[in-house]
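Student: Sharing a structure with you now.
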Amino acid sequence: MAIITLTTDFGYKDHFVAAIKGAILKEDSNTVIVDISHDIAPFNIQECAYILKNAYSHFPPGTIHIIGIDAEKSPENEHILVKVDGHYFIGSNNGVMSLITNEIRPEKIARIDIPNLDENSFPELEVFVKAACHLARGGTAEIVSKPFKELRQIKEFEPRVLDGGNTIVGNVIYIDNYGNVVTNIQKPVFEAYRKGRKFEIIARRVKINAIYNSYNGIINFQLEKNQRKGPGDLLALFNSAGFIELAIYKSDLNSVGGASTLVGLSYRDTITINFI
Amino acid sequence: MAIITLTTDFGYKDHFVAAIKGAILKEDSNTVIVDISHDIAPFNIQECAYILKNAYSHFPPGTIHIIGIDAEKSPENEHILVKVDGHYFIGSNNGVMSLITNEIRPEKIARIDIPNLDENSFPELEVFVKAACHLARGGTAEIVSKPFKELRQIKEFEPRVLDGGNTIVGNVIYIDNYGNVVTNIQKPVFEAYRKGRKFEIIARRVKINAIYNSYNGIINFQLEKNQRKGPGDLLALFNSAGFIELAIYKSDLNSVGGASTLVGLSYRDTITINFI
Amino acid sequence: MAIITLTTDFGYKDHFVAAIKGAILKEDSNTVIVDISHDIAPFNIQECAYILKNAYSHFPPGTIHIIGIDAEKSPENEHILVKVDGHYFIGSNNGVMSLITNEIRPEKIARIDIPNLDENSFPELEVFVKAACHLARGGTAEIVSKPFKELRQIKEFEPRVLDGGNTIVGNVIYIDNYGNVVTNIQKPVFEAYRKGRKFEIIARRVKINAIYNSYNGIINFQLEKNQRKGPGDLLALFNSAGFIELAIYKSDLNSVGGASTLVGLSYRDTITINFI
């Protein structure tokens, strides 16, 4: 069965998401519809790309992903259809797709072109559903789109390498449900400059000298419980998406706090790694 | 496959929604279940009707919509089954259905009557699922309901036309995920009294003289970017549901704010349109 | 079709839940996936057990329930597979399963053992999906698990019976979307000690002398509306899960408040019942 996913900034209360699902099921009630997230911060292109990039690849090849953020068509924001990594993405040319495709070359970039649609205030419903259901039925992209070359590039925070490779300065790109702070520093970059050296990660007043592969890496299970590190302690790890992340073990933003609140880190803040 | 939608004020954390889904799947695991919204403000009949009305019509005819709000049966709140516009609605006679059916005459209004059910504190699970799954299997409404005439009417905010048609006074009926403010003034009413005249929309201290058909209608793409209106600017538009809406272009309630916070508008507040 | 449910503390914004759904659909796109809740308070074992216990039994026998909370494998937190009440549960040995199984004896308790998996920072995706999809395909538990005996016991709040059976002291175990306060006192325990006597429920400064079977039990529909109790009034009832619950009729935490805010009750607070 065809799978269509939805990633939007519509939230979970309004009727928008359900209207889209109804319209898809009206075309084919066998379609499998999966929510990726509807809590993207409104118009936040980077956040949308981070979440979608870490979710889409777990779906089967051929999955169709509708991106419902900043979707209004304008002379500067065409509706586009991109095939990359065996997946279809349908959205507008607002920069999300350039962030999704910055590591894998797209197989196809096209401008959606379906005659006689109302492209006004709800294009996800009027345009994206039509294009997605066409693909879901096995239709070719060529029927609903025209060639298009100019994927809009958007400036992404890239870690900077300073001092002849002795320092990496990264940024916070995401804070998750636990208050864990995700940086833009990926494991291969870190290891390439580390060259086996010791290091310190500096985030505001905090210094960390180890990076684990799991949250409980901080725990020494050989010790008695009252002698161990544990809930409330700060650590760094390579998270499941491959990025260096600062976390509080067993954090809860609504009670004990998380790394974001306890260290005082927000989106875009810098994290410095010095190799020693 | 049969489609059953759910609209409730249960929220997304508690077990209630999942219990209902489990009970539906226990009757037939092929049923397609779609969430319309579970974030209706508790017992808010108008909000429930606004969201459901704007969502249901996008689903295929024959879809069964369970309404899980203020559902406890009482002498004044019968469980009802209504067919309108080709769709089935199952809920209680609390006013939601009178708001849903105020523009389209219902084909059927019936009182749910299924013997030997526990109608106590969770009727959505015990009663509505039974009635919905009966319809989903292709059963007739007559088997699970009895004739019923008195759909409870609820007072809805209607725009008032004053000064011999020179003024329309409407109300805020909904504030969406972006802080956009939806009024109860629909395009046909507006145009009928406008008769081609100029107008001003007055909302608290703000005056607006144009209504667009899309959010980016405010942007003049001929101008250089630094000379345009853009993010943060207020506009009025006919939204995708057909209502006049006040919006901030690219708003975000958690950062720059939205029309509701920046103009200072809440549910039920008045909006005045003067034709000049 | 096989049904897999998900109960996690991942929230609704991050990519984690969607990644799991994608991975399940990659194994078999016919699988029915149902969210039980993703808003469990992070690492809150009791809350997870309360929600899952009240939801799972409404699903068909054979349903597979993935529990994504505190799932990191450690010497003290094995990945386990439990069959109880005809349902499969896959999670870690963190105490949730001892709370789920404290009234029904499990048919099977096993330790998940699948070779060559990355068990690091996202075991729900890497391990639980594999085990769940194996069962969903009709595979036997023995292929993916080894015998295991020691289900980790967790201290649950139990109501205490004092004064020779004249007093029951219970605790708040859950506060729902309406601010209704759920206690750990179940109807059979209450009735066993009540023996037909009058009683008073004491919660902070509030005393209640009746327990209804529905929220509108408080309303006397024989009286004129202005003489009745109604919205805003406090009551006690046996909720649909069988527990004594304190509720405000037609409460809303965002406007009029709920029992939790109006009486001042939080998780773990005590409620006393005196039989007179």
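Residues in the structure tokens are numbered from 1 in each chain, the chains being A, B, ... in the order shown, and ligands are numbered from 1 in the order shown.
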Tell me which protein, DNA and RNA residues are within 7 Å of Ile90 of chain B, counting only C-alpha atoms, leaving out same-chain ones fewer than 5 positions away, and put them as a ChimeraX atom specification.
Tutor: /B:65-67,80-82,128
Student: Write out as a PyMOL selection string the set of residues from segment 77-268 of chain A that DSSP, computed on the backbone, places in alpha helix (DSSP H).
Tutor: chain A and resi 96-100+123+129-136+141-144+187-194+259
Student: Counting only C-alpha atoms, which residues of chain B sit at most 10 Å from some atom of chain C, and what is each one's closest atom pair with its distance in Å to one decimal, listed by chain and rising residue number, as a Markdown table?
Tutor:
| residue | atom | partner | partner_atom | distance |
| --- | --- | --- | --- | --- |
| B:Asp9 | CA | C:Asn177 | CA | 8.3 |
| B:Phe10 | CA | C:Asn177 | CA | 6.3 |
| B:Gly11 | CA | C:Asn177 | CA | 6.0 |
| B:Tyr12 | CA | C:Ser37 | CA | 6.6 |
| B:Lys13 | CA | C:Asp39 | CA | 5.1 |
| B:Asp14 | CA | C:Asp176 | CA | 6.3 |
| B:His15 | CA | C:Ile51 | CA | 5.1 |
| B:Phe16 | CA | C:Ala55 | CA | 7.2 |
| B:Val17 | CA | C:Ile36 | CA | 7.6 |
| B:Ala18 | CA | C:Ile36 | CA | 5.0 |
| B:Ala19 | CA | C:Ala55 | CA | 4.7 |
| B:Ile20 | CA | C:His58 | CA | 7.5 |
| B:Lys21 | CA | C:Val34 | CA | 7.7 |
| B:Gly22 | CA | C:Phe59 | CA | 4.0 |
| B:Ala23 | CA | C:His58 | CA | 5.1 |
| B:Ile24 | CA | C:Phe59 | CA | 8.2 |
| B:Leu25 | CA | C:Phe59 | CA | 6.7 |
| B:Lys26 | CA | C:Pro60 | CA | 4.7 |
| B:Glu27 | CA | C:Pro60 | CA | 8.3 |
| B:Asp28 | CA | C:Pro60 | CA | 9.4 |
| B:Ser29 | CA | C:Met1 | CA | 6.4 |
| B:Asn30 | CA | C:Met1 | CA | 7.2 |
| B:Thr31 | CA | C:Val32 | CA | 9.7 |
| B:Val32 | CA | C:Val32 | CA | 9.2 |
| B:Ile33 | CA | C:Val34 | CA | 9.4 |
| B:Asp39 | CA | C:Asn177 | CA | 9.7 |
| B:Ala41 | CA | C:Asp252 | CA | 7.3 |
| B:Pro42 | CA | C:Asp252 | CA | 5.5 |
| B:Phe43 | CA | C:Lys250 | CA | 6.5 |
| B:Asn44 | CA | C:Asp252 | CA | 9.4 |
| B:Asp70 | CA | C:Lys250 | CA | 8.0 |
| B:Glu72 | CA | C:Asn216 | CA | 7.2 |
| B:Lys73 | CA | C:Asn216 | CA | 8.4 |
| B:Ser74 | CA | C:Asn216 | CA | 7.6 |
| B:Pro75 | CA | C:Phe221 | CA | 7.3 |
| B:Glu76 | CA | C:Phe221 | CA | 8.2 |
| B:Glu119 | CA | C:Ser214 | CA | 9.0 |
| B:Asn120 | CA | C:Ser214 | CA | 5.5 |
| B:Ser121 | CA | C:Ser214 | CA | 4.6 |
| B:Phe122 | CA | C:Ser240 | CA | 6.0 |
| B:Pro123 | CA | C:Ser240 | CA | 9.5 |
| B:Leu125 | CA | C:His58 | CA | 9.3 |
Student: Pick out the closest residue to Gly86 of chain C from this set: C:Asn116, C:Thr101, C:Gln227, C:Thr270. Count only C-alpha atoms.
Tutor: C:Thr101
Student: Give me, as a PyMOL selection string, the residues of segment 11-113 of chain C that a backbone DSSP run labels strand (DSSP E or B).
Tutor: chain C and resi 32-37+64-68+74+77+79-84+87-92+108-112
Student: Using only C-alpha atoms, pick whichever of C:Ala259, C:Ile185, C:Lys130, C:Ile276 has the shortest atom-to-atom distance to Asp233 of chain C.
Tutor: C:Ala259
Student: Can you list, as JSON, numbers by chain, every protein, DNA or RNA residue that comes within 12 Å of Lys149 of chain B when you count only C-alpha atoms, leaving out same-chain residues fewer than 2 positions away?
Tutor: {"B": [78, 80, 81, 82, 93, 98, 106, 107, 108, 109, 110, 111, 146, 147, 151, 152, 153]}
Student: Considering only C-alpha atoms, return as a list of chain:residue names whatever protein or nucleic-acid residues lie within 6 Å of His79 of chain A, sequence-local ones (same chain, fewer than 5 positions apart) excluded.
Tutor: A:Gly91, A:Ser92, A:Arg111, A:Ile112
Student: So, counting only C-alpha atoms, which residue among C:Ser145, C:Asn94, C:Thr261, C:Thr140 is closest to Val127 of chain C?
Tutor: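 That would be C:Ser145, the residue with the smallest distance to Val127 of chain C.
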Student: Restricting the calculation to only C-alpha atoms: of A:Ile248, A:Leu234, A:Ile4, A:Ile273, which residue gets closest to Lys198 of chain A?
Tutor: A:Ile273
Student: Quick one, how far is atom CA of Val206 of chain A from atom CA of Val263 of chain A?
Tutor: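 Atom CA of Val263 of chain A lies 7.1 Å from atom CA of Val206 of chain A.
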